[in-house]
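S.K.: First, the structure itself, so that you have it in front of you.
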Amino acid sequence: MFSILINPLLETLYMVLSSAIIALLIGFPIGVLIYISEKDSLWENKIINNSLSTIVNIGRSFPFIILMIVLSPLSRYVIGTSIGTSASIVPLSIAAAPFIARIVESSLKEVSHGIIEASLSMGATNLQIILRVLIPEALPSLILGMTLTLINLIGYSAMAGAIGGGGLGDLAIRYGFYRFQSDIMILSVVVIILLVQGIQVLGNKIAFNLLKNR
Amino acid sequence: MIKIRNVSKVYKSQDKRIIALRDINLDINKKEIFGVIGLSGAGKSTLIRTINRLEEVDKGQIIVDGVDITSLTKKELLNQRKNIGMIFQHFDLLSSKTVFDNIAFPLQISKVNKQIIYKKVNDLLELVGLSDKKYAYPSQLSGGQKQRVAIARALANDPNLLLCDEATSALDPETTKSILLLLKNLQQTLGLTVVLITHEMEVVKRICDRVAVISDGLIVESGKVDDVFFSPQADITKRFIGAIHNEDIDEINIKLKKNSKLVKLSFIGDSAKKPIISHLIRNYKVDINILSGNIDKLTTTSIGNLTIQINGDINEINSSLTHLSENGVKWEVIENV
């Protein structure tokens, strides 16, 4: 019975990890841009700040299930098909990117203004401040934010079963719910719980280690 | 070294205009410690930040070593800032980096060679007396140690100008003394020009050569520290000096007898060495009661202050006051009965 879990588990991990990476690549720079374009920040720019902020808000407003349907043409264009595990990576990434952007923005905001001012007084460029001051100082908070994102993505990926995405959520619905195999449903839910728990514990541990000396 | 010319700055928010600096003019000499003292909100923080352009001015010029800071391009400004060190009230060290890496940071962003950085940082650690804390994190240090790291960091690029923004305001009196001593020593050994802002006259008294008093965005008084201490002109200056003596006349709370005056005497240099009071009692028909006294040790001279109650015949009192003036003692009648 456990062997039935292996493929769905791998599919879930594949969906979650690859969409997290893609979402990070999109969301991280957007979050940094929103932060530095804020008033009195390093690169104040009202237009960029307002437009990025609006885009992020719109992205975060879509219910995931609607996002999957709306984005199916994009999946077909990028992946070549609009159904399947790989195809679901597209809506998953797009759903997580604005979330990451906000997390990055709020983590960077926690860095004290004094530290930024001190770096400016040393003649640091904006890029040096972002890479060598803001990100290292905000790293524990960023790690915890990424943990949150990964857990959200596990939840979303279960829904992705609806477009044939596979994974543990799909297993729970098809075997457990439709075929009345409660044991399989329970088992898949337990595996999801373990996965969530594992990621949270790992994230906390990394953040704790980073904070240990500070 | 620094010429500040007609500098004005206004902060505008939606419904308010706050004037931070009003037409400021100051000259700061090479290799002196120049203090700017003011209450919070007086504009002193804004003023010191215009020198490395962390704050832009609305009007006026700031010339440091012949370079007009206000007209530099962004890139030139970044290079210029490397010649100006700065330390802050809350130290502002990077919490994610060790003491070593904090001090190395300004050198890293200037793309200095690794071996040179290593040697330089070790020298700086020695200079501020923290060689044993090389691999500690800022959170493991005391306030005074953090400020020492910040000083080392500010000096990493060999600046000839050091700006101190309330550098001792978050420290206890003992630590304040040791940090001021360190600053004074560094200023002398490295030939630095130091500009510091503070709200404590104590700091000015201990290390400054000259001082400017700022109030409501305006320089109300400036000059050599001993002159300002000996004969303060503006009310705010008198209050700053009074504050370090804990002399609130109300607190003395004395009932003056008839025919007496409450007088504050100030002695400077030589006049402090003469037995003036006993001379007065012996030669004039007056009684003198000493209420409070103190001596300010400044960097160049000492200034003594004495608050006395003097009573007797009005003519005798007046002649004794004249005698004081003739002997270089400044006096001020605080209360008459």
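Each chain in the structure tokens gets a letter, A, B and so on, in the order shown; residues start at 1 in every chain, and ligands are counted from 1 in the order they appear.
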Hey, what's within 12 Å of B:Asn52 if we count only C-alpha atoms and toss same-chain stuff fewer than 6 positions away? As a ChimeraX atom specification, please?
M.R.: /A:117-118,120-123 /B:2,45-46,62-64,67-72,74,76-86,161-164,195
S.K.: Near stretch 92-108 of chain A, within 9 Å and counting only C-alpha atoms, which residues show up once chain neighbours fewer than 2 positions away are dropped, as a compact mmCIF listing (two decimals) with all heavy atoms, in the first residue's frame?
M.R.:
# COMPACT_ATOMS: atom_id res chain seq x y z
N MET A 15 6.61 19.47 -7.92
CA MET A 15 5.79 20.67 -8.17
C MET A 15 6.16 21.80 -7.21
O MET A 15 6.37 22.95 -7.62
CB MET A 15 4.30 20.34 -7.95
CG MET A 15 3.64 19.69 -9.13
SD MET A 15 1.86 19.63 -8.91
CE MET A 15 1.67 18.41 -7.62
N VAL A 16 6.24 21.43 -5.92
CA VAL A 16 6.46 22.46 -4.90
C VAL A 16 7.85 23.09 -5.05
O VAL A 16 7.99 24.32 -5.07
CB VAL A 16 6.29 21.87 -3.48
CG1 VAL A 16 6.78 22.84 -2.43
CG2 VAL A 16 4.83 21.52 -3.25
N SER A 18 10.04 23.06 -7.66
CA SER A 18 10.35 23.83 -8.88
C SER A 18 9.54 25.12 -8.92
O SER A 18 10.06 26.16 -9.33
CB SER A 18 10.16 23.01 -10.16
OG SER A 18 9.22 22.01 -9.98
N SER A 19 8.27 25.08 -8.47
CA SER A 19 7.53 26.35 -8.50
C SER A 19 8.08 27.32 -7.46
O SER A 19 8.07 28.54 -7.68
CB SER A 19 6.03 26.13 -8.32
OG SER A 19 5.78 25.38 -7.17
N ALA A 20 8.59 26.80 -6.33
CA ALA A 20 9.17 27.70 -5.33
C ALA A 20 10.38 28.42 -5.90
O ALA A 20 10.55 29.63 -5.71
CB ALA A 20 9.57 26.93 -4.08
N ILE A 21 11.22 27.66 -6.64
CA ILE A 21 12.41 28.28 -7.22
C ILE A 21 12.02 29.35 -8.24
O ILE A 21 12.53 30.48 -8.23
CB ILE A 21 13.32 27.21 -7.85
CG1 ILE A 21 13.94 26.36 -6.73
CG2 ILE A 21 14.43 27.85 -8.69
CD1 ILE A 21 14.58 25.08 -7.21
N ILE A 22 11.07 28.99 -9.12
CA ILE A 22 10.66 29.97 -10.14
C ILE A 22 10.01 31.19 -9.47
O ILE A 22 10.30 32.34 -9.82
CB ILE A 22 9.68 29.32 -11.15
CG1 ILE A 22 10.42 28.21 -11.92
CG2 ILE A 22 9.13 30.35 -12.13
CD1 ILE A 22 9.52 27.31 -12.73
N ALA A 23 9.14 30.93 -8.47
CA ALA A 23 8.48 32.05 -7.78
C ALA A 23 9.50 32.94 -7.09
O ALA A 23 9.36 34.16 -7.06
CB ALA A 23 7.48 31.51 -6.77
N LEU A 24 10.54 32.33 -6.56
CA LEU A 24 11.58 33.10 -5.90
C LEU A 24 12.30 34.00 -6.90
O LEU A 24 12.57 35.17 -6.63
CB LEU A 24 12.58 32.13 -5.25
CG LEU A 24 13.57 32.71 -4.23
CD1 LEU A 24 12.84 33.29 -3.04
CD2 LEU A 24 14.54 31.64 -3.76
N LEU A 25 12.57 33.42 -8.08
CA LEU A 25 13.26 34.20 -9.11
C LEU A 25 12.43 35.39 -9.55
O LEU A 25 12.96 36.46 -9.86
CB LEU A 25 13.60 33.30 -10.32
CG LEU A 25 14.68 32.24 -10.06
CD1 LEU A 25 14.84 31.34 -11.27
CD2 LEU A 25 16.00 32.91 -9.69
N ILE A 26 11.10 35.21 -9.59
CA ILE A 26 10.25 36.34 -9.98
C ILE A 26 9.96 37.25 -8.79
O ILE A 26 10.09 38.47 -8.87
CB ILE A 26 8.89 35.83 -10.54
CG1 ILE A 26 9.13 34.86 -11.70
CG2 ILE A 26 8.00 36.99 -10.98
CD1 ILE A 26 7.87 34.11 -12.13
N GLY A 27 9.59 36.65 -7.67
CA GLY A 27 9.11 37.44 -6.53
C GLY A 27 10.19 38.20 -5.80
O GLY A 27 9.96 39.32 -5.34
N PHE A 28 11.37 37.61 -5.69
CA PHE A 28 12.43 38.25 -4.91
C PHE A 28 12.81 39.63 -5.46
O PHE A 28 12.77 40.62 -4.73
CB PHE A 28 13.66 37.33 -4.83
CG PHE A 28 14.58 37.66 -3.69
CD1 PHE A 28 14.44 37.01 -2.47
CD2 PHE A 28 15.56 38.62 -3.84
CE1 PHE A 28 15.27 37.32 -1.41
CE2 PHE A 28 16.39 38.94 -2.78
CZ PHE A 28 16.26 38.29 -1.56
N PRO A 29 13.14 39.70 -6.78
CA PRO A 29 13.49 41.04 -7.29
C PRO A 29 12.32 42.03 -7.18
O PRO A 29 12.55 43.20 -6.91
CB PRO A 29 13.82 40.79 -8.77
CG PRO A 29 13.87 39.33 -8.96
CD PRO A 29 13.28 38.65 -7.77
N ILE A 30 11.09 41.53 -7.35
CA ILE A 30 9.95 42.44 -7.24
C ILE A 30 9.86 42.99 -5.81
O ILE A 30 9.67 44.18 -5.58
CB ILE A 30 8.63 41.74 -7.64
CG1 ILE A 30 8.67 41.40 -9.13
CG2 ILE A 30 7.42 42.63 -7.34
CD1 ILE A 30 7.45 40.67 -9.65
N GLY A 31 10.04 42.10 -4.83
CA GLY A 31 10.00 42.53 -3.43
C GLY A 31 11.08 43.56 -3.14
O GLY A 31 10.82 44.58 -2.49
N VAL A 32 12.30 43.31 -3.64
CA VAL A 32 13.40 44.25 -3.43
C VAL A 32 13.07 45.59 -4.08
O VAL A 32 13.24 46.66 -3.48
CB VAL A 32 14.72 43.69 -3.99
CG1 VAL A 32 15.81 44.74 -3.96
CG2 VAL A 32 15.16 42.47 -3.19
N LEU A 33 12.52 45.53 -5.32
CA LEU A 33 12.17 46.77 -6.03
C LEU A 33 11.11 47.56 -5.27
O LEU A 33 11.20 48.79 -5.16
CB LEU A 33 11.67 46.44 -7.44
CG LEU A 33 12.73 46.38 -8.53
CD1 LEU A 33 12.11 45.88 -9.82
CD2 LEU A 33 13.35 47.76 -8.74
N ILE A 34 10.10 46.85 -4.76
CA ILE A 34 9.06 47.57 -4.01
C ILE A 34 9.69 48.23 -2.79
O ILE A 34 9.41 49.39 -2.49
CB ILE A 34 7.93 46.60 -3.57
CG1 ILE A 34 7.15 46.11 -4.79
CG2 ILE A 34 6.98 47.28 -2.59
CD1 ILE A 34 6.03 45.16 -4.47
N TYR A 35 10.58 47.50 -2.12
CA TYR A 35 11.20 48.06 -0.92
C TYR A 35 12.04 49.30 -1.23
O TYR A 35 11.89 50.34 -0.59
CB TYR A 35 12.06 47.01 -0.23
CG TYR A 35 12.91 47.57 0.88
CD1 TYR A 35 12.37 47.80 2.14
CD2 TYR A 35 14.25 47.91 0.66
CE1 TYR A 35 13.14 48.35 3.15
CE2 TYR A 35 15.02 48.47 1.66
CZ TYR A 35 14.46 48.68 2.91
OH TYR A 35 15.22 49.24 3.89
N ILE A 36 12.92 49.18 -2.23
CA ILE A 36 13.83 50.32 -2.45
C ILE A 36 13.14 51.51 -3.12
O ILE A 36 13.63 52.63 -3.05
CB ILE A 36 15.10 49.95 -3.28
CG1 ILE A 36 14.73 49.48 -4.66
CG2 ILE A 36 15.96 48.93 -2.55
CD1 ILE A 36 15.94 49.41 -5.57
N SER A 53 3.25 47.34 -6.63
CA SER A 53 2.41 47.01 -5.49
C SER A 53 1.02 46.59 -5.96
O SER A 53 0.44 45.62 -5.44
CB SER A 53 2.33 48.23 -4.58
OG SER A 53 1.81 47.86 -3.35
N ILE A 55 0.24 45.32 -8.93
CA ILE A 55 0.35 44.02 -9.59
C ILE A 55 0.39 42.90 -8.56
O ILE A 55 -0.29 41.88 -8.67
CB ILE A 55 1.62 43.98 -10.49
CG1 ILE A 55 1.44 44.91 -11.68
CG2 ILE A 55 1.89 42.55 -10.97
CD1 ILE A 55 2.71 45.13 -12.49
N VAL A 56 1.19 43.10 -7.52
CA VAL A 56 1.30 42.09 -6.46
C VAL A 56 -0.05 41.87 -5.78
O VAL A 56 -0.46 40.73 -5.56
CB VAL A 56 2.38 42.51 -5.44
CG1 VAL A 56 2.26 41.73 -4.15
CG2 VAL A 56 3.77 42.31 -6.03
N ASN A 57 -0.76 42.97 -5.53
CA ASN A 57 -2.07 42.81 -4.88
C ASN A 57 -3.05 42.05 -5.75
O ASN A 57 -3.80 41.20 -5.27
CB ASN A 57 -2.66 44.18 -4.54
CG ASN A 57 -1.97 44.79 -3.34
OD1 ASN A 57 -1.28 44.08 -2.60
ND2 ASN A 57 -2.14 46.07 -3.14
N ILE A 58 -3.03 42.36 -7.05
CA ILE A 58 -3.94 41.64 -7.97
C ILE A 58 -3.59 40.17 -7.96
O ILE A 58 -4.46 39.30 -7.82
CB ILE A 58 -3.84 42.22 -9.40
CG1 ILE A 58 -4.40 43.64 -9.41
CG2 ILE A 58 -4.57 41.34 -10.40
CD1 ILE A 58 -4.19 44.39 -10.71
N GLY A 59 -2.28 39.88 -8.06
CA GLY A 59 -1.84 38.49 -8.07
C GLY A 59 -2.28 37.73 -6.83
O GLY A 59 -2.66 36.57 -6.90
N ARG A 60 -2.23 38.44 -5.70
CA ARG A 60 -2.58 37.77 -4.45
C ARG A 60 -4.08 37.65 -4.25
O ARG A 60 -4.54 36.88 -3.41
CB ARG A 60 -1.96 38.51 -3.26
CG ARG A 60 -0.45 38.39 -3.26
CD ARG A 60 0.10 38.83 -1.94
NE ARG A 60 -0.40 38.01 -0.85
CZ ARG A 60 -0.27 38.33 0.43
NH1 ARG A 60 0.29 39.46 0.75
NH2 ARG A 60 -0.73 37.53 1.37
N PHE A 62 -6.33 36.66 -6.57
CA PHE A 62 -6.94 35.54 -7.30
C PHE A 62 -7.04 34.29 -6.43
O PHE A 62 -6.03 33.84 -5.87
CB PHE A 62 -6.11 35.19 -8.53
CG PHE A 62 -6.49 35.95 -9.75
CD1 PHE A 62 -5.87 37.15 -10.04
CD2 PHE A 62 -7.48 35.46 -10.61
CE1 PHE A 62 -6.23 37.87 -11.17
CE2 PHE A 62 -7.84 36.17 -11.74
CZ PHE A 62 -7.21 37.38 -12.02
N PRO A 63 -8.22 33.67 -6.34
CA PRO A 63 -8.27 32.35 -5.71
C PRO A 63 -7.47 31.40 -6.59
O PRO A 63 -7.51 31.50 -7.82
CB PRO A 63 -9.76 32.00 -5.76
CG PRO A 63 -10.46 33.28 -6.02
CD PRO A 63 -9.52 34.15 -6.78
N PHE A 64 -6.74 30.48 -5.97
CA PHE A 64 -5.82 29.66 -6.73
C PHE A 64 -6.54 28.84 -7.82
O PHE A 64 -6.04 28.71 -8.94
CB PHE A 64 -5.04 28.73 -5.80
CG PHE A 64 -4.05 27.87 -6.54
CD1 PHE A 64 -2.98 28.45 -7.19
CD2 PHE A 64 -4.21 26.49 -6.62
CE1 PHE A 64 -2.07 27.67 -7.90
CE2 PHE A 64 -3.32 25.71 -7.32
CZ PHE A 64 -2.24 26.30 -7.97
N LEU A 67 -7.00 30.95 -10.75
CA LEU A 67 -5.70 31.22 -11.36
C LEU A 67 -5.30 30.06 -12.28
O LEU A 67 -4.77 30.26 -13.38
CB LEU A 67 -4.65 31.42 -10.27
CG LEU A 67 -3.41 32.23 -10.62
CD1 LEU A 67 -3.77 33.64 -11.00
CD2 LEU A 67 -2.43 32.24 -9.47
N MET A 68 -5.57 28.85 -11.83
CA MET A 68 -5.21 27.67 -12.63
C MET A 68 -5.93 27.68 -13.98
O MET A 68 -5.34 27.40 -15.02
CB MET A 68 -5.59 26.38 -11.87
CG MET A 68 -4.59 26.01 -10.81
SD MET A 68 -4.81 24.33 -10.26
CE MET A 68 -6.47 24.36 -9.66
N LEU A 71 -4.74 30.69 -16.20
CA LEU A 71 -3.38 30.56 -16.70
C LEU A 71 -3.17 29.34 -17.60
O LEU A 71 -2.06 29.10 -18.06
CB LEU A 71 -2.38 30.51 -15.54
CG LEU A 71 -2.18 31.82 -14.78
CD1 LEU A 71 -1.22 31.61 -13.62
CD2 LEU A 71 -1.66 32.91 -15.70
N SER A 88 1.15 22.27 -14.02
CA SER A 88 0.67 22.96 -12.82
C SER A 88 1.75 23.83 -12.18
O SER A 88 1.46 24.66 -11.34
CB SER A 88 0.14 21.95 -11.80
OG SER A 88 1.20 21.12 -11.38
N ILE A 89 3.00 23.63 -12.61
CA ILE A 89 4.07 24.48 -12.07
C ILE A 89 3.84 25.94 -12.44
O ILE A 89 4.15 26.85 -11.67
CB ILE A 89 5.45 23.98 -12.57
CG1 ILE A 89 5.77 22.66 -11.89
CG2 ILE A 89 6.55 24.99 -12.27
CD1 ILE A 89 7.01 21.99 -12.42
N VAL A 90 3.24 26.18 -13.62
CA VAL A 90 3.03 27.56 -14.06
C VAL A 90 2.10 28.32 -13.09
O VAL A 90 2.50 29.33 -12.52
CB VAL A 90 2.51 27.61 -15.51
CG1 VAL A 90 2.12 29.04 -15.90
CG2 VAL A 90 3.59 27.09 -16.45
N GLU A 110 12.40 45.29 8.09
CA GLU A 110 12.81 45.09 9.49
C GLU A 110 14.25 45.56 9.74
O GLU A 110 14.64 45.75 10.87
CB GLU A 110 12.71 43.61 9.86
CG GLU A 110 11.28 43.13 10.06
CD GLU A 110 11.22 41.63 10.15
OE1 GLU A 110 12.21 41.00 10.53
OE2 GLU A 110 10.15 41.08 9.81
N VAL A 111 15.02 45.71 8.66
CA VAL A 111 16.41 46.15 8.85
C VAL A 111 16.39 47.62 9.25
O VAL A 111 15.70 48.43 8.64
CB VAL A 111 17.22 45.97 7.54
CG1 VAL A 111 18.64 46.46 7.72
CG2 VAL A 111 17.20 44.52 7.11
N SER A 112 17.14 47.96 10.30
CA SER A 112 17.03 49.32 10.84
C SER A 112 17.59 50.34 9.86
O SER A 112 18.56 50.09 9.14
CB SER A 112 17.75 49.43 12.18
OG SER A 112 19.09 49.80 11.97
N LEU A 134 21.35 44.55 3.33
CA LEU A 134 19.93 44.25 3.54
C LEU A 134 19.66 42.75 3.58
O LEU A 134 19.02 42.24 4.51
CB LEU A 134 19.10 44.91 2.44
CG LEU A 134 18.98 46.42 2.53
CD1 LEU A 134 18.33 46.99 1.27
CD2 LEU A 134 18.16 46.82 3.75
N ILE A 135 20.13 42.03 2.56
CA ILE A 135 19.81 40.59 2.50
C ILE A 135 20.44 39.82 3.66
O ILE A 135 19.74 39.08 4.34
CB ILE A 135 20.16 40.02 1.11
CG1 ILE A 135 19.23 40.66 0.07
CG2 ILE A 135 19.99 38.49 1.10
CD1 ILE A 135 19.51 40.27 -1.35
N GLU A 137 21.28 40.91 6.60
CA GLU A 137 20.65 41.30 7.87
C GLU A 137 19.23 40.72 7.98
O GLU A 137 18.77 40.41 9.06
CB GLU A 137 20.58 42.84 7.98
CG GLU A 137 21.91 43.50 8.27
CD GLU A 137 22.45 43.19 9.65
OE1 GLU A 137 21.78 43.49 10.64
OE2 GLU A 137 23.55 42.60 9.73
N ALA A 138 18.54 40.61 6.83
CA ALA A 138 17.16 40.15 6.85
C ALA A 138 17.06 38.63 6.67
O ALA A 138 15.95 38.09 6.65
CB ALA A 138 16.35 40.87 5.77
N LEU A 139 18.19 37.96 6.51
CA LEU A 139 18.16 36.54 6.13
C LEU A 139 17.30 35.64 7.03
O LEU A 139 16.50 34.85 6.50
CB LEU A 139 19.60 36.00 6.03
CG LEU A 139 19.74 34.73 5.20
CD1 LEU A 139 19.21 34.94 3.80
CD2 LEU A 139 21.19 34.27 5.14
N PRO A 140 17.39 35.72 8.35
CA PRO A 140 16.55 34.84 9.16
C PRO A 140 15.07 35.03 8.85
O PRO A 140 14.32 34.05 8.71
CB PRO A 140 16.86 35.27 10.60
CG PRO A 140 18.19 35.93 10.53
CD PRO A 140 18.27 36.56 9.18
N SER A 141 14.66 36.27 8.73
CA SER A 141 13.28 36.57 8.44
C SER A 141 12.90 36.09 7.03
O SER A 141 11.80 35.57 6.80
CB SER A 141 13.09 38.08 8.58
OG SER A 141 11.87 38.47 8.08
N LEU A 142 13.84 36.21 6.09
CA LEU A 142 13.58 35.72 4.72
C LEU A 142 13.42 34.20 4.71
O LEU A 142 12.57 33.66 4.00
CB LEU A 142 14.74 36.12 3.79
CG LEU A 142 14.83 37.61 3.42
CD1 LEU A 142 16.15 37.92 2.74
CD2 LEU A 142 13.67 37.99 2.51
N GLY A 145 10.10 33.30 5.98
CA GLY A 145 9.12 33.64 4.96
C GLY A 145 9.06 32.59 3.87
O GLY A 145 7.99 32.21 3.38
N MET A 146 10.24 32.09 3.47
CA MET A 146 10.29 31.04 2.44
C MET A 146 9.66 29.75 2.95
O MET A 146 9.00 29.02 2.20
CB MET A 146 11.75 30.76 2.02
CG MET A 146 12.27 31.60 0.86
SD MET A 146 11.09 31.82 -0.48
CE MET A 146 11.16 30.21 -1.29
N THR A 149 6.09 30.09 2.50
CA THR A 149 5.74 29.95 1.10
C THR A 149 5.68 28.49 0.69
O THR A 149 4.76 28.06 -0.01
CB THR A 149 6.78 30.68 0.21
OG1 THR A 149 7.01 31.97 0.76
CG2 THR A 149 6.31 30.79 -1.21
N LEU A 150 6.69 27.72 1.12
CA LEU A 150 6.73 26.30 0.75
C LEU A 150 5.49 25.58 1.28
O LEU A 150 4.88 24.76 0.57
CB LEU A 150 7.99 25.64 1.32
CG LEU A 150 9.28 25.89 0.54
CD1 LEU A 150 10.48 25.33 1.29
CD2 LEU A 150 9.20 25.28 -0.86
N ASN A 152 2.56 26.91 2.00
CA ASN A 152 1.42 27.34 1.17
C ASN A 152 1.38 26.58 -0.14
O ASN A 152 0.33 26.19 -0.63
CB ASN A 152 1.55 28.83 0.85
CG ASN A 152 0.80 29.67 1.86
OD1 ASN A 152 0.06 29.12 2.68
ND2 ASN A 152 1.00 30.97 1.81
N LEU A 153 2.57 26.41 -0.74
CA LEU A 153 2.64 25.74 -2.04
C LEU A 153 2.18 24.29 -1.94
O LEU A 153 1.59 23.75 -2.88
CB LEU A 153 4.06 25.82 -2.61
CG LEU A 153 4.37 27.11 -3.37
CD1 LEU A 153 5.85 27.17 -3.73
CD2 LEU A 153 3.52 27.20 -4.65
N TYR A 156 -1.52 24.48 -2.12
CA TYR A 156 -1.95 24.76 -3.49
C TYR A 156 -1.75 23.54 -4.38
O TYR A 156 -2.58 23.23 -5.24
CB TYR A 156 -1.15 25.93 -4.08
CG TYR A 156 -1.53 27.29 -3.55
CD1 TYR A 156 -0.67 28.37 -3.69
CD2 TYR A 156 -2.78 27.51 -2.96
CE1 TYR A 156 -1.00 29.62 -3.23
CE2 TYR A 156 -3.13 28.76 -2.49
CZ TYR A 156 -2.23 29.81 -2.63
OH TYR A 156 -2.57 31.05 -2.18
N SER A 157 -0.62 22.84 -4.19
CA SER A 157 -0.30 21.73 -5.09
C SER A 157 -1.34 20.61 -4.94
O SER A 157 -1.59 19.85 -5.87
CB SER A 157 1.10 21.20 -4.81
OG SER A 157 1.09 20.36 -3.67
N ALA A 160 -3.91 21.43 -7.21
CA ALA A 160 -3.49 21.27 -8.60
C ALA A 160 -3.89 19.90 -9.13
O ALA A 160 -3.92 19.67 -10.35
CB ALA A 160 -1.99 21.47 -8.74
S.K.: Compile the contact shell of B:Leu182 as a list in words: residues with an atom at most 12 Å away, counting only C-alpha atoms, same-chain residues fewer than 4 positions apart removed.
M.R.: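 After dropping sequence-adjacent residues, the list is Leu127, Val128, Gly129, Gly144, Gln145, Gln147, Arg148, Val149, Ile151, Ala152, Thr168, Thr175, Thr176, Lys177, Ser178, Leu186, Gln187, Gln188, Thr189, Leu190, Arg206 and Ile207 of chain B.
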S.K.: Among the residues of stretch 34-175 of chain A, find those DSSP assigns to alpha helix (DSSP H) from the backbone and print them as a PyMOL selection string.
M.R.: chain A and resi 34-36+46-61+64-70+72-79+85-109+113-121+126-128+135-159+167-171
S.K.: Compute the chain B side of the contact with chain A at 10 Å, counting only C-alpha atoms, and hand it back as a ChimeraX atom specification.
M.R.: /B:49,52-54,74-98,105-110,136-140,150,153-157,163
